[in-house]
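Structure file final-v6.tsv; described as TSV, C-alpha atoms.
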```
chain	number	residue	atom	x	y	z
X	1	MET	CA	121.77	114.99	80.96
X	2	GLU	CA	120.74	111.72	82.51
X	3	ILE	CA	119.50	111.93	86.08
X	4	SER	CA	121.69	109.53	88.01
X	5	TYR	CA	123.31	109.12	91.39
X	6	LYS	CA	126.53	109.15	89.37
X	7	ASN	CA	126.14	112.92	89.30
X	8	LEU	CA	126.89	112.91	93.02
X	9	ASN	CA	130.45	113.02	94.26
X	10	SER	CA	130.83	115.70	96.89
X	11	ARG	CA	127.64	115.79	99.01
X	12	ARG	CA	127.83	119.57	98.53
X	13	VAL	CA	124.52	121.36	98.14
X	14	ALA	CA	123.77	124.87	96.86
X	15	VAL	CA	120.50	126.49	97.85
X	16	PHE	CA	118.87	129.05	95.57
X	17	ILE	CA	116.49	131.52	97.17
X	18	SER	CA	114.62	134.71	96.36
X	19	GLY	CA	112.90	135.62	99.61
X	20	ARG	CA	112.75	134.90	103.29
X	21	GLY	CA	114.44	131.50	102.96
X	22	SER	CA	112.41	129.53	105.45
X	23	ASN	CA	113.33	126.24	103.77
X	24	LEU	CA	116.96	127.34	103.71
X	25	LYS	CA	116.80	128.02	107.44
X	26	ALA	CA	115.31	124.58	108.09
X	27	MET	CA	118.04	122.94	106.00
X	28	LEU	CA	120.79	124.87	107.77
X	29	ASN	CA	119.43	123.81	111.13
X	30	ASN	CA	119.14	120.24	109.90
X	31	GLU	CA	122.74	120.37	108.73
X	32	LYS	CA	123.88	121.72	112.09
X	33	ASN	CA	121.94	119.01	113.92
X	34	ARG	CA	123.33	116.35	111.57
X	35	ILE	CA	119.90	115.51	110.24
X	36	LEU	CA	121.00	116.56	106.75
X	37	ASN	CA	123.62	114.17	105.42
X	38	GLY	CA	125.12	116.74	103.08
X	39	GLU	CA	126.87	120.08	103.34
X	40	ILE	CA	125.28	123.35	102.35
X	41	SER	CA	128.24	124.96	100.64
X	42	PHE	CA	126.78	127.87	98.74
X	43	ILE	CA	123.70	130.05	98.77
X	44	TYR	CA	122.59	132.08	95.81
X	45	SER	CA	119.87	134.70	95.80
X	46	ASN	CA	118.67	136.46	92.68
X	47	GLU	CA	117.35	139.21	94.97
X	48	LYS	CA	119.94	141.38	96.67
X	49	ASN	CA	117.68	142.08	99.62
X	50	ALA	CA	116.34	138.59	100.18
X	51	LEU	CA	115.84	138.17	103.92
X	52	GLY	CA	117.04	134.59	103.62
X	53	LEU	CA	120.61	135.88	103.07
X	54	ASN	CA	120.68	136.65	106.78
X	55	TYR	CA	120.71	132.89	107.43
X	56	ALA	CA	123.71	132.55	105.11
X	57	LYS	CA	125.52	135.10	107.28
X	58	LYS	CA	124.31	133.66	110.56
X	59	PHE	CA	125.45	130.16	109.62
X	60	ASN	CA	128.67	131.50	108.12
X	61	LYS	CA	128.00	130.22	104.62
X	62	ASP	CA	129.37	131.43	101.29
X	63	PHE	CA	126.75	133.29	99.37
X	64	GLU	CA	126.27	135.58	96.40
X	65	SER	CA	123.40	137.65	95.16
X	66	PHE	CA	122.99	139.01	91.67
X	67	PRO	CA	120.12	139.00	89.19
X	68	TYR	CA	119.37	135.73	87.43
X	69	LYS	CA	119.91	136.82	83.85
X	70	LYS	CA	121.31	135.18	80.78
X	71	LYS	CA	124.50	137.21	81.00
X	72	ASN	CA	125.09	135.99	84.57
X	73	GLU	CA	124.50	132.29	83.97
X	74	GLY	CA	128.11	131.55	83.01
X	75	HIS	CA	129.32	133.25	86.19
X	76	LEU	CA	126.89	131.29	88.34
X	77	LEU	CA	127.85	128.00	86.67
X	78	ARG	CA	131.53	128.72	87.28
X	79	ILE	CA	130.90	129.36	90.97
X	80	LEU	CA	128.98	126.09	91.28
X	81	LYS	CA	131.78	124.22	89.54
X	82	ALA	CA	134.50	125.86	91.62
X	83	LYS	CA	132.62	124.95	94.78
X	84	ASN	CA	132.15	121.41	93.54
X	85	ILE	CA	128.38	121.57	94.01
X	86	ASP	CA	126.50	118.31	93.41
X	87	ILE	CA	122.94	119.40	94.07
X	88	ILE	CA	121.12	122.67	93.56
X	89	ALA	CA	118.11	122.86	95.84
X	90	LEU	CA	115.63	125.54	94.79
X	91	ALA	CA	113.92	126.93	97.87
X	92	GLY	CA	111.45	129.62	97.03
X	93	PHE	CA	113.55	130.60	94.03
X	94	MET	CA	111.26	132.73	91.91
X	95	LYS	CA	113.04	132.58	88.57
X	96	ILE	CA	112.73	129.81	86.03
X	97	LEU	CA	116.11	128.30	85.24
X	98	SER	CA	116.93	128.41	81.55
X	99	SER	CA	117.25	125.20	79.57
X	100	HIS	CA	120.83	126.25	78.87
X	101	PHE	CA	121.60	126.49	82.59
X	102	ILE	CA	119.88	123.18	83.31
X	103	ALA	CA	121.82	121.46	80.53
X	104	LYS	CA	125.15	122.93	81.60
X	105	PHE	CA	125.01	122.18	85.32
X	106	LYS	CA	126.62	118.80	85.87
X	107	GLY	CA	124.85	117.84	89.08
X	108	LEU	CA	121.23	117.43	90.09
X	109	ILE	CA	118.68	120.21	90.39
X	110	VAL	CA	115.71	119.75	92.69
X	111	ASN	CA	112.77	121.85	93.78
X	112	ILE	CA	110.10	121.70	96.45
X	113	HIS	CA	106.51	122.48	95.55
X	114	PRO	CA	103.78	123.13	98.15
X	115	ALA	CA	101.16	120.82	96.61
X	116	LEU	CA	100.78	117.25	95.44
X	117	LEU	CA	101.89	117.63	91.85
X	118	PRO	CA	100.55	117.41	89.20
X	119	SER	CA	97.77	119.20	91.12
X	120	PHE	CA	98.29	122.95	91.47
X	121	PRO	CA	101.52	123.70	89.63
X	122	GLY	CA	102.79	127.27	89.45
X	123	LEU	CA	102.44	130.08	91.94
X	124	ASN	CA	100.34	130.14	95.11
X	125	ALA	CA	99.76	126.40	95.07
X	126	GLN	CA	98.45	126.45	98.64
X	127	LYS	CA	95.81	129.05	97.79
X	128	GLN	CA	94.95	127.20	94.60
X	129	ALA	CA	94.37	124.03	96.66
X	130	TYR	CA	92.32	125.86	99.25
X	131	ASP	CA	90.21	127.68	96.68
X	132	TYR	CA	89.56	124.45	94.79
X	133	GLY	CA	88.17	122.90	97.95
X	134	THR	CA	90.56	119.95	98.09
X	135	LYS	CA	90.55	118.02	101.34
X	136	ILE	CA	94.11	116.81	100.92
X	137	SER	CA	97.18	118.63	99.73
X	138	GLY	CA	100.84	118.19	100.46
X	139	VAL	CA	104.40	118.65	99.35
X	140	THR	CA	106.36	117.40	96.36
X	141	VAL	CA	110.13	117.32	95.92
X	142	HIS	CA	111.02	116.80	92.30
X	143	PHE	CA	113.83	117.10	89.81
X	144	VAL	CA	113.87	120.28	87.78
X	145	ASP	CA	113.63	120.02	84.04
X	146	ASN	CA	112.32	122.35	81.37
X	147	ASP	CA	108.71	121.54	82.19
X	148	LEU	CA	107.62	123.86	85.02
X	149	ASP	CA	106.82	121.77	88.11
X	150	GLY	CA	106.68	118.74	85.84
X	151	GLY	CA	109.95	116.96	86.66
X	152	ILE	CA	110.29	113.45	88.04
X	153	ILE	CA	109.01	113.18	91.59
X	154	ILE	CA	111.45	112.17	94.33
X	155	LYS	CA	109.21	112.38	97.36
X	156	GLN	CA	105.69	113.41	98.28
X	157	ARG	CA	103.82	113.72	101.52
X	158	ALA	CA	100.11	114.36	101.92
X	159	ILE	CA	98.27	116.26	104.63
X	160	ASN	CA	94.66	116.87	105.42
X	161	ILE	CA	93.76	120.52	104.93
X	162	GLU	CA	90.04	120.02	105.53
X	163	ASN	CA	89.93	122.07	108.72
X	164	CYS	CA	92.32	124.82	107.69
X	165	GLY	CA	89.59	127.37	107.09
X	166	ASN	CA	91.70	129.69	104.94
X	167	ALA	CA	94.61	129.69	102.52
X	168	ASP	CA	97.08	131.09	105.09
X	169	ALA	CA	96.44	128.19	107.43
X	170	VAL	CA	97.06	125.79	104.54
X	171	THR	CA	100.34	127.56	103.77
X	172	LYS	CA	101.49	127.29	107.38
X	173	LYS	CA	100.59	123.63	107.68
X	174	ILE	CA	102.33	122.79	104.39
X	175	LEU	CA	105.41	124.84	105.32
X	176	ARG	CA	106.00	122.76	108.43
X	177	LEU	CA	105.95	119.69	106.22
X	178	GLU	CA	108.29	121.29	103.66
X	179	HIS	CA	110.90	121.88	106.34
X	180	LYS	CA	111.05	118.16	107.09
X	181	ILE	CA	110.55	116.70	103.63
X	182	TYR	CA	113.16	118.69	101.75
X	183	THR	CA	115.95	117.43	103.98
X	184	GLU	CA	114.56	113.89	103.82
X	185	ALA	CA	114.52	114.03	100.02
X	186	LEU	CA	118.10	115.34	99.87
X	187	ASN	CA	119.18	112.58	102.23
X	188	ILE	CA	117.56	109.99	99.97
X	189	LEU	CA	119.40	111.42	96.96
X	190	LEU	CA	122.68	111.36	98.87
X	191	THR	CA	122.34	107.67	99.70
X	192	LYS	CA	122.93	107.05	95.97
X	193	LYS	CA	120.65	104.03	96.38
X	194	TRP	CA	118.19	105.06	93.71
X	195	HIS	CA	117.67	105.07	90.01
X	196	ILE	CA	115.26	106.38	87.40
X	197	GLU	CA	113.02	104.23	85.21
X	198	GLY	CA	110.93	106.29	82.84
X	199	ARG	CA	109.28	108.83	85.12
X	200	HIS	CA	109.78	106.66	88.20
X	201	PHE	CA	112.24	107.60	90.91
X	202	ILE	CA	112.98	104.27	92.56
X	203	TYR	CA	114.61	104.29	95.98
X	204	GLU	CA	116.00	100.84	96.72
O	1	MET	CA	70.09	123.53	91.66
O	2	GLU	CA	71.73	124.43	94.91
O	3	ILE	CA	73.63	121.64	96.61
O	4	SER	CA	72.13	121.41	100.07
O	5	TYR	CA	71.27	118.88	102.72
O	6	LYS	CA	67.73	120.11	102.17
O	7	ASN	CA	67.73	117.85	99.10
O	8	LEU	CA	67.74	114.91	101.49
O	9	ASN	CA	64.52	113.51	102.86
O	10	SER	CA	64.42	109.77	102.43
O	11	ARG	CA	67.95	108.36	102.93
O	12	ARG	CA	67.27	106.38	99.76
O	13	VAL	CA	70.23	105.91	97.45
O	14	ALA	CA	70.35	104.80	93.82
O	15	VAL	CA	73.57	103.34	92.49
O	16	PHE	CA	74.46	103.69	88.80
O	17	ILE	CA	76.86	101.14	87.36
O	18	SER	CA	78.20	99.98	84.00
O	19	GLY	CA	80.46	97.05	84.88
O	20	ARG	CA	81.41	94.66	87.60
O	21	GLY	CA	80.03	96.82	90.39
O	22	SER	CA	82.72	96.33	93.00
O	23	ASN	CA	81.82	99.59	94.75
O	24	LEU	CA	78.14	98.60	94.58
O	25	LYS	CA	79.00	95.29	96.24
O	26	ALA	CA	80.91	97.06	99.00
O	27	MET	CA	77.98	99.44	99.58
O	28	LEU	CA	75.47	96.59	99.69
O	29	ASN	CA	77.58	94.75	102.25
O	30	ASN	CA	77.97	97.96	104.24
O	31	GLU	CA	74.22	98.45	104.17
O	32	LYS	CA	73.66	94.89	105.33
O	33	ASN	CA	76.18	95.34	108.14
O	34	ARG	CA	74.62	98.67	109.10
O	35	ILE	CA	77.78	100.56	108.27
O	36	LEU	CA	75.91	102.51	105.61
O	37	ASN	CA	73.32	104.78	107.19
O	38	GLY	CA	71.12	104.86	104.12
O	39	GLU	CA	69.15	102.43	102.02
O	40	ILE	CA	70.17	101.33	98.56
O	41	SER	CA	66.78	101.36	96.90
O	42	PHE	CA	67.51	101.20	93.21
O	43	ILE	CA	70.29	100.10	90.90
O	44	TYR	CA	70.57	101.26	87.33
O	45	SER	CA	72.96	99.91	84.74
O	46	ASN	CA	73.32	101.36	81.28
O	47	GLU	CA	74.80	98.02	80.23
O	48	LYS	CA	72.40	95.08	80.08
O	49	ASN	CA	75.13	92.56	80.82
O	50	ALA	CA	76.90	94.44	83.61
O	51	LEU	CA	78.19	91.83	86.05
O	52	GLY	CA	77.30	94.15	88.92
O	53	LEU	CA	73.60	93.45	88.30
O	54	ASN	CA	74.20	90.08	89.91
O	55	TYR	CA	74.68	91.90	93.22
O	56	ALA	CA	71.34	93.62	92.72
O	57	LYS	CA	69.75	90.19	92.39
O	58	LYS	CA	71.74	88.63	95.22
O	59	PHE	CA	70.77	91.42	97.61
O	60	ASN	CA	67.21	91.44	96.34
O	61	LYS	CA	67.27	95.03	95.11
O	62	ASP	CA	65.15	96.74	92.49
O	63	PHE	CA	67.13	97.34	89.34
O	64	GLU	CA	66.75	98.28	85.72
O	65	SER	CA	69.09	98.24	82.78
O	66	PHE	CA	68.65	100.14	79.56
O	67	PRO	CA	70.94	102.38	77.53
O	68	TYR	CA	71.66	105.83	78.88
O	69	LYS	CA	70.30	107.90	76.00
O	70	LYS	CA	68.47	111.17	75.75
O	71	LYS	CA	65.21	109.42	74.93
O	72	ASN	CA	65.47	107.35	78.14
O	73	GLU	CA	66.29	110.17	80.53
O	74	GLY	CA	62.67	111.01	81.28
O	75	HIS	CA	61.94	107.38	82.07
O	76	LEU	CA	64.96	107.15	84.38
O	77	LEU	CA	64.01	110.39	86.15
O	78	ARG	CA	60.48	109.12	86.71
O	79	ILE	CA	61.77	105.90	88.26
O	80	LEU	CA	64.04	107.88	90.60
O	81	LYS	CA	61.15	110.11	91.59
O	82	ALA	CA	58.75	107.21	92.10
O	83	LYS	CA	61.30	105.51	94.32
O	84	ASN	CA	61.88	108.71	96.24
O	85	ILE	CA	65.64	108.63	95.62
O	86	ASP	CA	67.67	111.29	97.42
O	87	ILE	CA	71.16	110.45	96.24
O	88	ILE	CA	72.50	109.00	93.02
O	89	ALA	CA	75.87	107.39	93.62
O	90	LEU	CA	77.79	106.79	90.41
O	91	ALA	CA	79.94	103.70	90.82
O	92	GLY	CA	81.91	102.91	87.71
O	93	PHE	CA	79.15	104.43	85.60
O	94	MET	CA	80.76	105.00	82.21
O	95	LYS	CA	78.37	107.52	80.70
O	96	ILE	CA	78.44	111.26	81.30
O	97	LEU	CA	75.13	112.48	82.69
O	98	SER	CA	73.59	115.20	80.58
O	99	SER	CA	73.20	118.70	81.96
O	100	HIS	CA	69.45	118.26	81.46
O	101	PHE	CA	69.43	115.13	83.62
O	102	ILE	CA	71.58	116.79	86.30
O	103	ALA	CA	69.30	119.83	86.38
O	104	LYS	CA	66.11	117.77	86.54
O	105	PHE	CA	67.09	115.35	89.30
O	106	LYS	CA	65.97	116.84	92.59
O	107	GLY	CA	68.44	115.12	94.89
O	108	LEU	CA	72.21	114.94	95.07
O	109	ILE	CA	74.49	113.22	92.56
O	110	VAL	CA	77.88	112.01	93.68
O	111	ASN	CA	80.76	110.15	92.11
O	112	ILE	CA	83.92	108.42	93.27
O	113	HIS	CA	87.15	108.99	91.40
O	114	PRO	CA	90.26	106.83	91.89
O	115	ALA	CA	92.74	109.72	92.24
O	116	LEU	CA	93.24	112.87	94.26
O	117	LEU	CA	91.40	115.34	92.06
O	118	PRO	CA	92.19	117.67	90.38
O	119	SER	CA	95.11	115.34	89.57
O	120	PHE	CA	94.31	112.70	86.95
O	121	PRO	CA	90.70	113.34	85.94
O	122	GLY	CA	89.08	111.13	83.32
O	123	LEU	CA	89.64	107.49	82.53
O	124	ASN	CA	92.31	105.20	83.94
O	125	ALA	CA	93.25	107.60	86.71
O	126	GLN	CA	95.24	104.91	88.52
O	127	LYS	CA	97.39	104.22	85.48
O	128	GLN	CA	97.76	107.96	84.85
O	129	ALA	CA	99.05	108.37	88.41
O	130	TYR	CA	101.40	105.41	88.11
O	131	ASP	CA	102.77	106.50	84.75
O	132	TYR	CA	103.34	110.04	86.01
O	133	GLY	CA	105.48	108.66	88.82
O	134	THR	CA	103.48	110.15	91.67
O	135	LYS	CA	104.33	108.82	95.10
O	136	ILE	CA	100.89	109.54	96.50
O	137	SER	CA	97.47	109.05	95.01
O	138	GLY	CA	94.09	108.37	96.52
O	139	VAL	CA	90.37	108.61	96.22
O	140	THR	CA	87.97	111.52	95.81
O	141	VAL	CA	84.22	111.55	96.38
O	142	HIS	CA	82.66	114.60	94.80
O	143	PHE	CA	79.40	116.08	93.67
O	144	VAL	CA	78.63	115.68	89.99
O	145	ASP	CA	78.14	118.79	87.93
O	146	ASN	CA	78.64	119.53	84.27
O	147	ASP	CA	82.40	119.76	84.65
O	148	LEU	CA	83.80	116.23	84.29
O	149	ASP	CA	85.43	115.20	87.58
O	150	GLY	CA	85.39	118.87	88.59
O	151	GLY	CA	82.55	118.99	91.12
O	152	ILE	CA	82.86	120.06	94.74
O	153	ILE	CA	84.86	117.58	96.80
O	154	ILE	CA	83.12	115.84	99.69
O	155	LYS	CA	85.89	113.58	100.89
O	156	GLN	CA	89.40	112.57	99.92
O	157	ARG	CA	91.85	110.04	101.23
O	158	ALA	CA	95.49	109.70	100.22
O	159	ILE	CA	97.64	106.60	99.99
O	160	ASN	CA	101.26	105.96	99.26
O	161	ILE	CA	101.68	104.16	95.93
O	162	GLU	CA	105.47	104.36	95.92
O	163	ASN	CA	106.03	100.63	96.21
O	164	CYS	CA	103.21	99.48	93.95
O	165	GLY	CA	105.50	98.66	91.04
O	166	ASN	CA	102.78	98.67	88.39
O	167	ALA	CA	99.46	100.26	87.53
O	168	ASP	CA	97.42	97.17	88.46
O	169	ALA	CA	98.81	97.19	91.99
O	170	VAL	CA	97.85	100.87	92.27
O	171	THR	CA	94.33	100.06	91.08
O	172	LYS	CA	93.96	97.29	93.68
O	173	LYS	CA	95.25	99.42	96.52
O	174	ILE	CA	92.98	102.32	95.57
O	175	LEU	CA	89.97	100.03	95.15
O	176	ARG	CA	90.23	98.82	98.74
O	177	LEU	CA	90.15	102.46	99.80
O	178	GLU	CA	87.18	103.24	97.51
O	179	HIS	CA	85.12	100.53	99.18
O	180	LYS	CA	85.49	102.24	102.54
O	181	ILE	CA	85.44	105.88	101.53
O	182	TYR	CA	82.34	105.86	99.38
O	183	THR	CA	80.18	104.64	102.25
O	184	GLU	CA	81.85	107.10	104.63
O	185	ALA	CA	81.10	109.97	102.26
O	186	LEU	CA	77.45	108.92	101.87
O	187	ASN	CA	77.15	108.69	105.65
O	188	ILE	CA	78.52	112.22	106.00
O	189	LEU	CA	75.99	113.49	103.46
O	190	LEU	CA	73.18	111.72	105.29
O	191	THR	CA	74.04	113.40	108.61
O	192	LYS	CA	72.76	116.63	107.00
O	193	LYS	CA	75.37	118.40	109.12
O	194	TRP	CA	77.13	120.08	106.23
O	195	HIS	CA	76.89	123.00	103.92
O	196	ILE	CA	78.58	124.46	100.87
O	197	GLU	CA	80.54	127.72	100.79
O	198	GLY	CA	81.88	128.49	97.35
O	199	ARG	CA	83.70	125.31	96.40
O	200	HIS	CA	84.07	124.21	100.01
O	201	PHE	CA	82.13	121.28	101.39
O	202	ILE	CA	82.05	121.98	105.12
O	203	TYR	CA	81.18	119.15	107.46
O	204	GLU	CA	80.33	120.56	110.85
```

Go ahead and express the file in the form of structure tokens.
Amino acid sequence: MEISYKNLNSRRVAVFISGRGSNLKAMLNNEKNRILNGEISFIYSNEKNALGLNYAKKFNKDFESFPYKKKNEGHLLRILKAKNIDIIALAGFMKILSSHFIAKFKGLIVNIHPALLPSFPGLNAQKQAYDYGTKISGVTVHFVDNDLDGGIIIKQRAINIENCGNADAVTKKILRLEHKIYTEALNILLTKKWHIEGRHFIYE
Amino acid sequence: MEISYKNLNSRRVAVFISGRGSNLKAMLNNEKNRILNGEISFIYSNEKNALGLNYAKKFNKDFESFPYKKKNEGHLLRILKAKNIDIIALAGFMKILSSHFIAKFKGLIVNIHPALLPSFPGLNAQKQAYDYGTKISGVTVHFVDNDLDGGIIIKQRAINIENCGNADAVTKKILRLEHKIYTEALNILLTKKWHIEGRHFIYE
């Protein structure tokens, strides 16, 4: 479906996680502090034991956890519809959404990637960047389509990783940026003052 | 050969061009204004009519122009040796140096690329970045090896291209950055206070 601000009606955001949920935590805090201009209304984990689910409980949020499998997609889509979710924000979600799921969900799906795409797509982007010897890396928030880490870019921010010394230091430095940028990108989407031209996300 | 500051003895730089030589011009001005801590001692163009050769004349620099072909490589290498050149700086040089040439030259060879490598290698990197819809691009100065645009990175600088509106505006914005960064990278090399670890260029 067309990517448009017309997909947005409710300001309600679902966050999909698989692990410790550090971006989820940042978003929940940003919501609480009214930095996020939307409402996190549902959290889904494909891993039953994801540590990030503790934040769902702590912040008193609806959540579910079940494997992301073809047979569960209809169930997940129904939950999202019932909860009137406008935006799915992937936050360390380790499964690739099926083209069927992407086509069926009637809102926007976004992801955050810990590198300046198209550099270093896929897993362990921070280590990829470090090992390559790049001096600059960063964070990309983009729409999710069927091309892994290849969707239209909403927001990017660069940082110097020259003096990081190892891949873990790069990961930490980028993570601090992720916690800010993801909320900023969601806020931009929620303004509805944007449109798409070709591969260009244009924020007016 | 090993990339080491031990390759540097003379501070003498050769610049290779093919076209208008805007980076060459910036370097020559930087040399004149003592911003460049080396000496541009030779200019080579593979194109007889390259406009950039006018800067060679204007700044009273030794230059030669002849096609970059296998049969001319020995001649070119002898000139570089006779002139005691430590660094070849490719500046809009449109030919790919042969592995034989790279192996035989006893100094360092560097290039500037108008994107944040490894994003957008090859030609028209600025337009590639614009067309992709990236929000951030930049400039990379890197060593030249046999892997096109894949050599070890010396310096990178990022810029926001979000509001550029077209590929030409990106090119202009990046070019202004190139004119600064290339000299800065050469100055770093000339300090000799650096070494290589794996793919990491470490400036102490």

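Near Thr191 in chain O, within 10 Å and counting all atoms listed in the file, sit Tyr5, Leu8, Arg11, Asn37, Leu186, Asn187, Ile188, Trp194, Tyr203 and Glu204 of chain O, not including residues fewer than 3 positions from it in the same chain.
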
Polymer residues at most 9 Å from Gln126 in chain X, only C-alpha atoms, same-chain spacing of 5 or more positions, as a PDB file with C-alpha atoms, in the coordinates of the input:
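Saved as result17.pdb:
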```pdb
ATOM      1  CA  PRO X 114     103.780 123.130  98.150  1.00  0.00           C
ATOM      2  CA  ALA X 115     101.160 120.820  96.610  1.00  0.00           C
ATOM      3  CA  PHE X 120      98.290 122.950  91.470  1.00  0.00           C
ATOM      4  CA  ASP X 131      90.210 127.680  96.680  1.00  0.00           C
ATOM      5  CA  SER X 137      97.180 118.630  99.730  1.00  0.00           C
ATOM      6  CA  GLY X 138     100.840 118.190 100.460  1.00  0.00           C
ATOM      7  CA  ALA X 167      94.610 129.690 102.520  1.00  0.00           C
ATOM      8  CA  ASP X 168      97.080 131.090 105.090  1.00  0.00           C
ATOM      9  CA  VAL X 170      97.060 125.790 104.540  1.00  0.00           C
ATOM     10  CA  THR X 171     100.340 127.560 103.770  1.00  0.00           C
ATOM     11  CA  ILE X 174     102.330 122.790 104.390  1.00  0.00           C
TER      12      ILE X 174
END
```

Counting all atoms listed in the file, what are the residues of range 131-167 of chain O within 12 Å of range 103-107 of chain O, and for each of them which pair of atoms is the nearest and at what distance in Å, to one decimal? Sort the table by chain and rising number, as JSON lines.
```
{"residue": "O:Phe143", "atom": "CA", "partner": "O:Gly107", "partner_atom": "CA", "distance": 11.1}
{"residue": "O:Val144", "atom": "CA", "partner": "O:Ala103", "partner_atom": "CA", "distance": 10.8}
{"residue": "O:Asp145", "atom": "CA", "partner": "O:Ala103", "partner_atom": "CA", "distance": 9.0}
{"residue": "O:Asn146", "atom": "CA", "partner": "O:Ala103", "partner_atom": "CA", "distance": 9.6}
```

Taking all atoms listed in the file into account, find every residue of chain O that has an atom no more than 9 Å from chain X, and write it out as a short mmCIF file (atom, residue, chain, number, x, y, z; two decimals) with C-alpha atoms, in the frame of the given file.
```cif
data_model
loop_
_atom_site.label_atom_id
_atom_site.label_comp_id
_atom_site.auth_asym_id
_atom_site.auth_seq_id
_atom_site.Cartn_x
_atom_site.Cartn_y
_atom_site.Cartn_z
CA LEU O 116 93.24 112.87 94.26
CA LEU O 117 91.40 115.34 92.06
CA PRO O 118 92.19 117.67 90.38
CA SER O 119 95.11 115.34 89.57
CA PHE O 120 94.31 112.70 86.95
CA TYR O 130 101.40 105.41 88.11
CA ASP O 131 102.77 106.50 84.75
CA TYR O 132 103.34 110.04 86.01
CA GLY O 133 105.48 108.66 88.82
CA THR O 134 103.48 110.15 91.67
CA LYS O 135 104.33 108.82 95.10
CA ILE O 136 100.89 109.54 96.50
CA SER O 137 97.47 109.05 95.01
CA THR O 140 87.97 111.52 95.81
CA ILE O 152 82.86 120.06 94.74
CA ILE O 153 84.86 117.58 96.80
CA ILE O 154 83.12 115.84 99.69
CA LYS O 155 85.89 113.58 100.89
CA GLN O 156 89.40 112.57 99.92
CA ARG O 157 91.85 110.04 101.23
CA ALA O 158 95.49 109.70 100.22
CA ILE O 159 97.64 106.60 99.99
CA ASN O 160 101.26 105.96 99.26
CA GLU O 162 105.47 104.36 95.92
CA ASN O 163 106.03 100.63 96.21
CA GLY O 198 81.88 128.49 97.35
CA ARG O 199 83.70 125.31 96.40
CA HIS O 200 84.07 124.21 100.01
CA PHE O 201 82.13 121.28 101.39
CA ILE O 202 82.05 121.98 105.12
#
```

When you look at Asn9 in chain O with a cut-off of 10 Å (counting only C-alpha atoms), what residues show up, excluding the ones that are within fewer than 5 positions of it in the same chain? I need them as an mmCIF file with C-alpha atoms, in the coordinates of the input.
```
data_model
loop_
_atom_site.group_PDB
_atom_site.id
_atom_site.type_symbol
_atom_site.label_atom_id
_atom_site.label_comp_id
_atom_site.auth_asym_id
_atom_site.auth_seq_id
_atom_site.Cartn_x
_atom_site.Cartn_y
_atom_site.Cartn_z
ATOM 1 C CA ASN O 84 61.880 108.710 96.240
ATOM 2 C CA ILE O 85 65.640 108.630 95.620
ATOM 3 C CA ASP O 86 67.670 111.290 97.420
ATOM 4 C CA ILE O 87 71.160 110.450 96.240
ATOM 5 C CA GLY O 107 68.440 115.120 94.890
ATOM 6 C CA LEU O 190 73.180 111.720 105.290
ATOM 7 C CA LYS O 192 72.760 116.630 107.000
#
```
